[in-house]
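Data file: data_25.txt. Format and content: compact mmCIF, C-alpha atoms.
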# COMPACT_ATOMS: atom_id res chain seq x y z
CA MET A 57 -45.58 -86.40 -27.59
CA ASN A 58 -43.93 -83.21 -28.90
CA LEU A 59 -44.52 -83.73 -32.60
CA THR A 60 -46.16 -80.84 -34.44
CA LEU A 61 -46.67 -80.35 -38.16
CA ALA A 62 -44.38 -77.28 -38.10
CA LEU A 63 -41.58 -79.26 -36.46
CA LEU A 64 -42.00 -82.13 -38.91
CA LEU A 65 -41.90 -79.79 -41.92
CA HIS A 66 -38.90 -77.91 -40.53
CA GLN A 67 -36.89 -81.09 -39.89
CA THR A 68 -37.90 -82.56 -43.26
CA ALA A 69 -36.87 -79.41 -45.15
CA CYS A 70 -33.55 -79.22 -43.30
CA GLY A 71 -32.89 -82.89 -44.03
CA ALA A 72 -33.61 -82.32 -47.73
CA ILE A 73 -31.30 -79.27 -47.94
CA ALA A 74 -28.49 -81.00 -46.04
CA ALA A 75 -28.71 -84.13 -48.21
CA ALA A 76 -28.80 -82.15 -51.46
CA GLY A 77 -25.87 -80.01 -50.29
CA PHE A 78 -23.81 -83.07 -49.54
CA GLY A 79 -24.94 -84.53 -52.86
CA VAL A 80 -23.18 -81.63 -54.60
CA LEU A 81 -20.08 -82.24 -52.45
CA PHE A 82 -20.13 -85.90 -53.54
CA ASN A 83 -20.33 -84.77 -57.19
CA ILE A 84 -23.81 -86.06 -57.87
CA GLY A 85 -25.23 -84.50 -61.06
CA PHE A 86 -27.85 -81.73 -60.83
CA ARG A 87 -30.52 -83.99 -62.38
CA SER A 88 -30.14 -86.50 -59.54
CA LEU A 89 -30.04 -83.95 -56.71
CA PRO A 90 -33.85 -83.93 -56.21
CA TRP A 91 -33.60 -87.65 -55.41
CA CYS A 92 -30.95 -86.85 -52.80
CA ALA A 93 -33.24 -84.23 -51.30
CA VAL A 94 -36.14 -86.71 -51.21
CA SER A 95 -33.89 -89.29 -49.57
CA GLY A 96 -32.77 -86.81 -46.87
CA ALA A 97 -36.32 -85.55 -46.33
CA LEU A 98 -37.61 -89.10 -45.89
CA ALA A 99 -34.84 -89.93 -43.40
CA LEU A 100 -35.49 -86.87 -41.25
CA ALA A 101 -39.29 -87.24 -41.44
CA VAL A 102 -39.14 -90.83 -40.19
CA ARG A 103 -36.56 -89.99 -37.53
CA THR A 104 -38.60 -87.01 -36.27
CA CYS A 105 -41.79 -89.07 -36.12
CA CYS A 106 -40.00 -91.78 -34.13
CA LEU A 107 -38.16 -89.33 -31.85
CA ASP A 108 -40.84 -86.77 -31.12
CA GLY A 109 -43.99 -88.69 -32.03
CA LEU A 110 -43.32 -92.14 -30.63
CA GLY A 111 -40.78 -91.09 -28.00
CA TRP A 112 -38.07 -93.47 -29.20
CA ASN A 113 -34.41 -92.77 -28.44
CA LEU A 114 -32.04 -91.37 -31.09
CA GLU A 115 -30.41 -94.70 -31.93
CA ALA A 116 -33.70 -96.53 -32.51
CA ALA A 117 -35.14 -93.61 -34.49
CA SER A 118 -32.00 -93.44 -36.66
CA PHE A 119 -32.20 -97.17 -37.30
CA ALA A 120 -35.86 -96.95 -38.36
CA ALA A 121 -35.09 -93.99 -40.63
CA ALA A 122 -32.08 -95.68 -42.25
CA LEU A 123 -34.06 -98.88 -42.77
CA THR A 124 -36.86 -96.91 -44.45
CA VAL A 125 -34.44 -95.02 -46.69
CA GLY A 126 -32.57 -98.21 -47.58
CA ALA A 127 -35.80 -99.97 -48.54
CA ALA A 128 -37.12 -96.97 -50.51
CA VAL A 129 -33.86 -96.62 -52.40
CA GLN A 130 -33.92 -100.31 -53.30
CA ALA A 131 -37.39 -99.79 -54.75
CA LEU A 132 -36.50 -96.58 -56.63
CA ARG A 133 -32.91 -97.16 -57.75
CA ALA A 134 -33.81 -97.97 -61.35
CA ARG A 135 -35.78 -94.73 -61.75
CA ALA A 136 -33.22 -92.45 -60.15
CA ASP A 137 -30.30 -93.57 -62.38
CA ILE A 138 -27.89 -93.04 -59.53
CA SER A 139 -25.89 -95.57 -57.63
CA GLN A 140 -27.78 -97.00 -54.71
CA ASN A 141 -24.79 -96.49 -52.44
CA ALA A 142 -24.84 -92.75 -53.15
CA LEU A 143 -28.55 -92.24 -52.72
CA ASP A 144 -29.04 -94.00 -49.40
CA VAL A 145 -25.82 -92.74 -47.84
CA VAL A 146 -26.54 -89.15 -48.87
CA GLY A 147 -30.03 -89.45 -47.41
CA CYS A 148 -28.62 -90.58 -44.09
CA ILE A 149 -25.81 -88.01 -43.89
CA PRO A 150 -28.02 -85.51 -42.01
CA MET A 151 -28.46 -88.15 -39.29
CA VAL A 152 -24.72 -88.74 -38.74
CA PRO A 153 -24.18 -87.47 -35.17
CA GLY A 154 -21.26 -85.14 -35.89
CA SER A 155 -22.10 -82.81 -33.03
CA PHE A 156 -22.02 -85.67 -30.51
CA ALA A 157 -18.68 -86.78 -31.90
CA ALA A 158 -17.24 -83.28 -31.53
CA LYS A 159 -18.62 -82.95 -27.99
CA ALA A 160 -17.27 -86.38 -27.00
CA ILE A 161 -13.76 -85.59 -28.22
CA LEU A 162 -13.80 -82.11 -26.68
CA ALA A 163 -14.88 -83.60 -23.35
CA MET A 164 -12.00 -86.10 -23.59
CA PHE A 165 -9.59 -83.24 -24.30
CA ALA A 166 -10.95 -81.50 -21.19
CA LEU A 167 -10.35 -84.65 -19.14
CA THR A 168 -6.64 -84.49 -19.86
CA SER A 169 -6.46 -81.03 -18.32
CA THR A 170 -4.70 -81.03 -14.97
CA THR A 171 -7.11 -78.42 -13.68
CA THR A 172 -10.25 -80.49 -14.20
CA ALA A 173 -12.16 -79.83 -11.02
CA ASP A 174 -14.50 -82.78 -11.14
CA ALA A 175 -13.29 -85.45 -13.53
CA ALA A 176 -16.42 -87.59 -13.12
CA GLN A 177 -18.66 -84.76 -14.34
CA THR A 178 -16.55 -84.51 -17.50
CA LEU A 179 -15.98 -88.22 -18.01
CA ILE A 180 -19.60 -89.36 -17.89
CA PRO A 181 -20.87 -86.99 -20.64
CA ALA A 182 -17.78 -87.84 -22.74
CA VAL A 183 -18.53 -91.56 -22.52
CA GLN A 184 -22.24 -90.97 -23.10
CA PHE A 185 -21.58 -88.90 -26.24
CA ALA A 186 -19.03 -91.42 -27.54
CA LEU A 187 -21.44 -94.30 -27.01
CA ARG A 188 -24.26 -92.41 -28.72
CA VAL A 189 -22.04 -91.71 -31.72
CA THR A 190 -21.00 -95.36 -31.94
CA PHE A 191 -24.50 -96.75 -31.57
CA THR A 192 -26.10 -94.19 -33.89
CA ILE A 193 -23.57 -94.78 -36.69
CA GLY A 194 -24.00 -98.51 -36.11
CA ALA A 195 -27.77 -98.13 -36.31
CA ILE A 196 -27.57 -96.11 -39.54
CA GLY A 197 -25.12 -98.52 -41.19
CA THR A 198 -27.10 -101.57 -40.16
CA GLY A 199 -30.40 -100.02 -41.22
CA LEU A 200 -28.96 -99.24 -44.65
CA ALA A 201 -27.32 -102.63 -45.04
CA ILE A 202 -30.34 -104.81 -44.18
CA PRO A 203 -32.42 -104.09 -47.34
CA THR A 204 -29.34 -104.59 -49.53
CA LEU A 205 -28.42 -107.87 -47.86
CA LEU A 206 -32.00 -109.14 -48.02
CA LEU A 207 -32.27 -108.25 -51.72
CA ARG A 208 -28.98 -109.96 -52.47
CA VAL A 209 -30.21 -113.17 -50.80
CA ARG A 210 -33.44 -112.98 -52.82
CA VAL A 211 -31.61 -112.35 -56.09
CA SER A 212 -29.07 -115.11 -55.53
CA ARG A 213 -31.74 -117.77 -54.95
CA MET B 189 -3.34 -133.40 -62.00
CA ASP B 190 -5.86 -133.10 -59.16
CA MET B 191 -8.59 -130.53 -58.85
CA ILE B 192 -6.44 -128.09 -56.83
CA ASP B 193 -3.64 -128.20 -59.39
CA SER B 194 -6.02 -127.54 -62.22
CA LEU B 195 -7.20 -124.38 -60.47
CA SER B 196 -3.73 -123.08 -59.61
CA PRO B 197 -2.74 -120.22 -61.91
CA ASP B 198 0.53 -120.70 -63.72
CA ASP B 199 2.41 -117.38 -63.60
CA SER B 200 4.53 -118.37 -66.54
CA GLY B 201 3.75 -115.46 -68.80
CA SER B 202 2.50 -117.80 -71.50
CA ALA B 203 -0.67 -115.76 -71.98
CA PRO B 204 0.41 -112.14 -72.57
CA ALA B 205 -3.20 -110.96 -72.94
CA LEU B 206 -3.66 -111.49 -69.20
CA GLU B 207 -1.38 -108.62 -68.24
CA PRO B 208 -3.34 -105.72 -69.81
CA MET B 209 -6.59 -107.41 -68.81
CA ALA B 210 -5.51 -107.57 -65.15
CA MET B 211 -4.24 -104.00 -65.14
CA VAL B 212 -7.42 -102.61 -66.75
CA ALA B 213 -9.60 -104.46 -64.23
CA LEU B 214 -7.39 -103.24 -61.37
CA ASP B 215 -7.51 -99.66 -62.65
CA ALA B 216 -11.30 -99.80 -62.71
CA GLY B 217 -11.27 -101.10 -59.12
CA ARG B 218 -8.81 -98.42 -58.02
CA MET B 219 -10.94 -95.67 -59.57
CA LEU B 220 -14.06 -97.05 -57.87
CA MET B 221 -12.27 -97.22 -54.53
CA GLU B 222 -11.06 -93.62 -54.90
CA ALA B 223 -14.61 -92.57 -55.85
CA GLY B 224 -15.99 -93.87 -52.54
CA ALA B 225 -17.47 -97.27 -53.43
CA SER B 226 -17.89 -100.04 -50.86
CA ALA B 227 -15.85 -103.25 -51.06
CA ASN B 228 -18.70 -105.38 -52.36
CA SER B 229 -19.43 -102.93 -55.19
CA ILE B 230 -15.77 -102.91 -56.17
CA ASP B 231 -15.63 -106.70 -56.05
CA GLY B 232 -18.64 -107.01 -58.33
CA ILE B 233 -17.57 -104.36 -60.83
CA VAL B 234 -13.97 -105.58 -61.12
CA ALA B 235 -15.27 -109.11 -61.76
CA LYS B 236 -17.54 -107.71 -64.50
CA PHE B 237 -14.61 -105.95 -66.14
CA ALA B 238 -12.30 -108.97 -65.98
CA ARG B 239 -14.89 -111.52 -67.14
CA GLY B 240 -16.14 -109.17 -69.85
CA LEU B 241 -12.58 -108.91 -71.17
CA GLY B 242 -12.28 -112.69 -71.26
CA ALA B 243 -11.05 -113.92 -67.88
CA ASP B 244 -12.35 -117.26 -66.61
CA ARG B 245 -11.39 -116.74 -62.98
CA VAL B 246 -11.16 -113.53 -60.95
CA ASP B 247 -10.03 -113.15 -57.33
CA LEU B 248 -9.67 -109.71 -55.80
CA ARG B 249 -8.11 -108.57 -52.55
CA ILE B 250 -9.11 -105.06 -51.52
CA GLY B 251 -6.93 -103.25 -49.00
CA TYR B 252 -7.16 -99.65 -47.82
CA ALA B 253 -4.07 -98.52 -49.75
CA SER B 254 -3.66 -101.22 -52.38
CA MET B 255 -5.56 -103.82 -54.39
CA ALA B 256 -4.40 -107.17 -55.79
CA ILE B 257 -6.06 -109.26 -58.46
CA THR B 258 -5.52 -112.78 -59.72
CA ILE B 259 -7.08 -113.58 -63.05
CA GLY B 260 -6.84 -116.70 -65.10
CA ILE B 261 -7.77 -118.12 -68.48
CA GLY B 262 -7.58 -121.89 -68.71
CA ALA B 263 -4.38 -123.08 -67.06
CA ASN B 264 -2.74 -119.63 -67.22
CA GLY B 265 -3.03 -116.93 -64.62
CA ILE B 266 -1.33 -113.86 -63.18
CA THR B 267 -1.46 -111.83 -59.99
CA ARG B 268 -0.93 -108.08 -60.07
CA MET B 269 -1.11 -105.36 -57.44
CA ARG B 270 -1.94 -101.65 -57.70
CA GLU B 271 -1.62 -98.79 -55.23
CA VAL B 272 -4.80 -96.91 -54.32
CA GLY B 273 -4.67 -93.13 -53.92
CA HIS B 274 -6.60 -90.74 -51.69
CA LEU B 275 -10.10 -92.03 -50.97
CA GLY B 276 -12.62 -89.34 -51.82
CA VAL B 277 -16.23 -89.39 -52.97
CA ASN B 278 -17.15 -88.87 -56.62
CA GLN B 279 -20.54 -90.32 -57.44
CA ARG B 280 -20.60 -89.26 -61.10
CA LEU B 281 -17.39 -91.18 -61.71
CA ASP B 282 -18.79 -94.13 -59.75
CA GLN B 283 -21.91 -94.09 -61.90
CA GLU B 284 -19.93 -93.85 -65.14
CA LEU B 285 -17.83 -96.84 -64.08
CA TRP B 286 -21.00 -98.87 -63.47
CA HIS B 287 -22.22 -98.01 -66.96
CA LEU B 288 -18.83 -98.87 -68.48
CA ALA B 289 -18.77 -102.19 -66.59
CA ALA B 290 -22.16 -103.06 -68.09
CA ARG B 291 -20.83 -102.37 -71.62
CA VAL B 292 -17.66 -104.39 -70.98
CA SER B 293 -19.62 -107.33 -69.55
CA ARG B 294 -21.74 -107.40 -72.74
CA GLY B 295 -18.49 -107.79 -74.70
CA GLU B 296 -18.84 -104.42 -76.47
CA LEU B 297 -15.26 -103.28 -75.77
CA THR B 298 -11.77 -104.72 -76.15
CA THR B 299 -9.11 -104.35 -73.47
CA GLU B 300 -7.51 -101.37 -75.24
CA GLN B 301 -10.85 -99.65 -75.81
CA THR B 302 -11.70 -100.17 -72.13
CA ARG B 303 -8.38 -98.69 -71.08
CA ALA B 304 -9.03 -95.65 -73.29
CA GLU B 305 -12.51 -95.27 -71.77
CA LEU B 306 -11.09 -95.44 -68.24
CA THR B 307 -8.55 -92.75 -69.11
CA ARG B 308 -11.31 -90.60 -70.58
CA LEU B 309 -13.46 -91.02 -67.46
CA ALA B 310 -10.55 -90.20 -65.15
CA THR B 311 -9.83 -86.94 -66.96
CA LYS B 312 -13.17 -85.86 -68.38
CA THR B 313 -15.79 -86.72 -65.72
CA PRO B 314 -17.17 -83.31 -64.80
CA ARG B 315 -17.05 -81.90 -61.29
CA HIS B 316 -19.09 -79.09 -59.80
CA SER B 317 -17.21 -75.80 -59.64
CA ALA B 318 -15.56 -74.73 -56.40
CA TRP B 319 -18.13 -71.98 -55.83
CA VAL B 320 -21.14 -74.24 -56.41
CA MET B 321 -19.69 -76.74 -53.96
CA ALA B 322 -18.95 -74.05 -51.40
CA VAL B 323 -22.50 -72.65 -51.53
CA ALA B 324 -24.01 -76.16 -51.39
CA VAL B 325 -21.87 -77.08 -48.39
CA GLY B 326 -22.74 -73.78 -46.72
CA LEU B 327 -26.44 -74.48 -47.16
CA ALA B 328 -26.01 -78.06 -45.90
CA CYS B 329 -24.19 -76.91 -42.77
CA ALA B 330 -26.77 -74.17 -42.17
CA ALA B 331 -29.48 -76.86 -42.38
CA PHE B 332 -27.44 -79.02 -40.01
CA GLY B 333 -27.31 -76.02 -37.70
CA ARG B 334 -31.10 -75.74 -37.69
CA LEU B 335 -31.30 -79.50 -36.93
CA LEU B 336 -28.93 -78.85 -33.99
CA LYS B 337 -31.27 -76.08 -32.78
CA VAL B 338 -29.05 -73.14 -33.79
CA ASP B 339 -31.27 -70.03 -33.82
CA TRP B 340 -31.88 -68.06 -37.05
CA LEU B 341 -29.36 -65.38 -35.99
CA GLY B 342 -26.63 -68.01 -35.92
CA THR B 343 -27.62 -69.73 -39.18
CA GLY B 344 -26.19 -67.05 -41.51
CA PRO B 345 -22.73 -67.12 -39.90
CA VAL B 346 -22.74 -70.93 -40.11
CA PHE B 347 -23.48 -70.67 -43.85
CA ILE B 348 -20.63 -68.22 -44.46
CA ALA B 349 -18.14 -70.09 -42.24
CA ALA B 350 -18.87 -73.41 -43.93
CA CYS B 351 -18.61 -71.85 -47.43
CA LEU B 352 -15.18 -70.45 -46.62
CA GLY B 353 -14.15 -73.70 -44.94
CA GLN B 354 -15.06 -75.67 -48.05
CA LEU B 355 -13.11 -73.27 -50.30
CA LEU B 356 -10.08 -73.63 -48.03
CA ARG B 357 -10.44 -77.43 -47.93
CA ARG B 358 -10.52 -77.66 -51.71
CA GLU B 359 -7.49 -75.41 -52.00
CA LEU B 360 -5.51 -77.44 -49.44
CA LEU B 361 -6.42 -80.77 -51.04
CA THR B 362 -5.43 -79.42 -54.46
CA ARG B 363 -2.02 -78.66 -52.94
CA HIS B 364 -1.84 -82.26 -51.60
CA VAL B 365 -1.85 -81.20 -47.95
CA ASN B 366 -2.29 -84.19 -45.63
CA VAL B 367 -5.99 -84.92 -45.22
CA PHE B 368 -5.83 -84.92 -41.39
CA ILE B 369 -3.95 -81.63 -41.20
CA CYS B 370 -6.47 -80.26 -43.67
CA ALA B 371 -9.34 -81.34 -41.37
CA ALA B 372 -7.76 -79.58 -38.39
CA VAL B 373 -7.06 -76.35 -40.29
CA VAL B 374 -10.51 -76.19 -41.88
CA SER B 375 -12.15 -77.00 -38.57
CA PHE B 376 -10.23 -74.23 -36.83
CA LEU B 377 -11.12 -71.62 -39.46
CA SER B 378 -14.77 -72.62 -39.82
CA SER B 379 -15.45 -72.92 -36.10
CA LEU B 380 -13.72 -69.61 -35.39
CA LEU B 381 -15.65 -67.77 -38.11
CA GLY B 382 -18.91 -69.48 -37.15
CA GLY B 383 -18.42 -68.60 -33.49
CA LEU B 384 -17.37 -65.00 -34.15
CA GLY B 385 -20.21 -64.47 -36.63
CA ALA B 386 -22.79 -65.96 -34.27
CA HIS B 387 -21.48 -63.74 -31.45
CA TRP B 388 -21.65 -60.56 -33.57
CA ALA B 389 -25.12 -61.52 -34.83
CA GLY B 390 -26.34 -61.87 -31.26
CA SER B 391 -27.04 -65.60 -31.41
CA GLY B 392 -27.57 -67.45 -28.15
CA LYS B 393 -26.16 -70.69 -29.57
CA ILE B 394 -22.53 -69.87 -30.29
CA ASP B 395 -21.27 -73.34 -29.32
CA MET B 396 -23.70 -75.10 -31.64
CA ALA B 397 -22.97 -72.64 -34.45
CA MET B 398 -19.28 -73.51 -34.14
CA ILE B 399 -20.04 -77.23 -34.32
CA ALA B 400 -22.49 -76.85 -37.24
CA ALA B 401 -19.87 -74.91 -39.22
CA ILE B 402 -17.44 -77.87 -39.14
CA LEU B 403 -19.93 -80.58 -40.04
CA LEU B 404 -18.70 -80.46 -43.65
CA LEU B 405 -15.76 -82.47 -42.29
CA VAL B 406 -17.84 -85.36 -40.94
CA PRO B 407 -16.76 -88.36 -43.06
CA GLY B 408 -20.25 -89.74 -43.63
CA VAL B 409 -19.56 -91.96 -46.65
CA PRO B 410 -16.43 -93.59 -45.18
CA SER B 411 -18.18 -94.23 -41.87
CA VAL B 412 -21.17 -95.92 -43.53
CA ASN B 413 -18.84 -97.79 -45.91
CA ALA B 414 -16.79 -98.98 -42.91
CA LEU B 415 -19.79 -100.65 -41.34
CA ASN B 416 -21.05 -101.97 -44.69
CA ASP B 417 -17.66 -103.52 -45.42
CA ILE B 418 -17.58 -105.25 -42.04
CA LEU B 419 -21.15 -106.51 -42.44
CA GLU B 420 -20.44 -107.76 -45.95
CA GLY B 421 -17.33 -109.77 -45.07
CA HIS B 422 -14.45 -107.28 -45.45
CA PRO B 423 -13.54 -106.60 -41.80
CA THR B 424 -9.95 -105.55 -42.52
CA LEU B 425 -10.92 -102.81 -44.95
CA GLY B 426 -13.89 -101.83 -42.76
CA SER B 427 -11.65 -101.50 -39.71
CA ALA B 428 -9.11 -99.42 -41.65
CA ARG B 429 -11.89 -97.09 -42.80
CA ALA B 430 -13.25 -96.83 -39.23
CA VAL B 431 -9.82 -95.90 -37.85
CA THR B 432 -9.42 -93.24 -40.55
CA VAL B 433 -12.86 -91.83 -39.70
CA ALA B 434 -11.93 -91.69 -36.01
CA VAL B 435 -8.63 -89.90 -36.70
CA ILE B 436 -10.33 -87.35 -38.98
CA LEU B 437 -12.86 -86.66 -36.21
CA ILE B 438 -10.04 -86.23 -33.67
CA PHE B 439 -8.24 -83.72 -35.92
CA ALA B 440 -11.49 -81.87 -36.63
CA ALA B 441 -12.22 -81.72 -32.90
CA ALA B 442 -8.69 -80.42 -32.27
CA GLY B 443 -9.33 -77.57 -34.70
CA LEU B 444 -12.65 -76.84 -33.00
CA TRP B 445 -10.91 -76.85 -29.62
CA PHE B 446 -8.31 -74.32 -30.79
CA GLY B 447 -11.15 -72.16 -32.10
CA LYS B 448 -12.90 -72.30 -28.72
CA VAL B 449 -9.68 -71.45 -26.88
CA LEU B 450 -9.09 -68.43 -29.10
CA LEU B 451 -12.68 -67.18 -28.66
CA SER B 452 -12.38 -67.60 -24.88
CA HIS B 453 -9.11 -65.65 -25.02
CA TRP B 454 -11.02 -62.83 -26.72
CA GLY B 455 -13.65 -62.93 -23.99
CA ILE B 456 -16.38 -64.67 -25.98
CA GLU B 457 -18.02 -67.39 -23.90
CA THR B 458 -18.79 -70.57 -25.82
Give the structure from the file, written as structure tokens.
Amino acid sequence: MNLTLALLLHQTACGAIAAAGFGVLFNIGFRSLPWCAVSGALALAVRTCCLDGLGWNLEAASFAAALTVGAAVQALRARADISQNALDVVGCIPMVPGSFAAKAILAMFALTSTTTADAAQTLIPAVQFALRVTFTIGAIGTGLAIPTLLLRVRVSR
Amino acid sequence: MDMIDSLSPDDSGSAPALEPMAMVALDAGRMLMEAGASANSIDGIVAKFARGLGADRVDLRIGYASMAITIGIGANGITRMREVGHLGVNQRLDQELWHLAARVSRGELTTEQTRAELTRLATKTPRHSAWVMAVAVGLACAAFGRLLKVDWLGTGPVFIAACLGQLLRRELLTRHVNVFICAAVVSFLSSLLGGLGAHWAGSGKIDMAMIAAILLLVPGVPSVNALNDILEGHPTLGSARAVTVAVILIFAAAGLWFGKVLLSHWGIET
């Protein structure tokens, strides 16, 4: 277990800043930006606890974090006066594995090189990164969708 | 006349009020789509607009580049199609459209008043200034960098590179440069500046600084929308979004690769 309070606070603060920054990019009003920050902070706090506290893998931790954010946003949407889609997606943006995606594609570019000395050593990380990107985005999307789908079933009954 | 016949719209033009009603509802859907809404949201809001303006029946088909609507009142009905423009993200516009849909569904506005409101929203919804956006994106990418374990020496260059990348992206999009070319160019510039800055600052994480500086290009909303659309019964639109996300990532990675090649050429190991 590698979880420390300093690490948790650092990850939470970075998640809040990243989510608020992307909130501005998505043209969310200044009054609603604190909610974006809270959403991002919650996502990163849950993911860090699952990753470093419970020892889960990235995909499972991302799923738990997205599920938590999705449920919290469902509960708070009336107070935040911001579309639910915006708030939960912005909160989960800091968890989108952009670096893995870049590494996967760069490794695939390297594979096409005729001078690749050991193709297997390049191919395996490329596939691993690509799979992690796919599964992590799938986990985030599914985690966000479940609370919405459950609420819709409840409302329609 | 059997049940099927009674539900079939008659495109005879005998109800002229249907035409503006259909076009206003379609315009609302198009604006939502261009503001980054998911298919289910668009479906619900367009139905609110059409029913609020008096339609009895509403059927919507949402494609990646076009939308089609069939609306009917009594035995009359029409089908109209509308092209959808560049898909961005604009949450203030999205929110305003939700509020307008609520007013229309309460019967507070006529078709003409709704059209005027849509025009007002399209032209008057405020956006953050270019500099505010650039600083916010810079901060977001710097925070991303810290999450990717970039050291403090590399965080400043990531901030500056992402700020400049965002300014360039906005400028290119204003000039209607292709979105994929734009991703490659911005990625090249941001990764190069991030890498050079991290090298000059003495950072030990030049590769991660380069990646963090291009994370402004990660299409987070489209990728989450893609999965949502598939889960909520719109696999065609979801697949189209997913393919677009993949191609943007490929172009962004190409820009990053060119940046790495140039740095290696200058003797900077990434």
Compile the residues of chain A that lie within 8 Å of chain B, evaluated using only C-alpha atoms, and express the compilation as an MDAnalysis selection string. chainID A and resid 67 70:71 73:78 80:85 138:139 141:142 145:146 149:150 152 154:155 157:158 161:162 193:194 196:198 201
Find the spatial neighbours of region 112-129 of chain A, counting only C-alpha atoms, within a cut-off of 10 Å - ignore same-chain residues fewer than 5 positions away - and output them as a PyMOL selection string. chain A and resi 91+94-107+134-136+138-145+147-148+151-153+188-204+206-207
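Distances here use all atoms listed in the file; by that measure, the residue among A:Ala72, A:Ala93, A:Gln177, A:Phe185 closest to Phe156 (chain A) is A:Phe185.
Residues within 7 Å of region 287-290 of chain B, counting all atoms listed in the file and excluding same-chain residues fewer than 5 positions away, are Ile233, Lys236 and Phe237 of chain B.
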How far is it from CA of Phe165 (chain A) to CA of Ile418 (chain B), in Å with one decimal?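 Separation of CA of Phe165 (chain A) and CA of Ile418 (chain B): 29.4 Å.
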Would you list the contacts of Gly342 (chain B) as a PyMOL selection string, taking every protein, DNA or RNA residue within 12 Å and counting only C-alpha atoms, but skipping same-chain residues closer than 2 positions in sequence? chain B and resi 329-334+336-340+344-349+381-401
Give me the residues within 6 Å of Ala243 (chain B) as a count of residues only, counting all atoms listed in the file and dropping any in the same chain fewer than 4 places off. 4
Can you list, as a list in words, every protein, DNA or RNA residue that comes within 10 Å of Ile369 (chain B) when you count all atoms listed in the file, leaving out same-chain residues fewer than 5 positions away? Leu360, Val374, Ser375, Ile436, Phe439, Ala440 and Gly443 of chain B
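Taking CA of Thr432 (chain B) as the reference point, CA of Val272 (chain B) is found at 15.0 Å.
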Please measure the separation of CA of Cys92 (chain A) and CA of Cys351 (chain B), giving the value in Å to one decimal. 20.2 Å
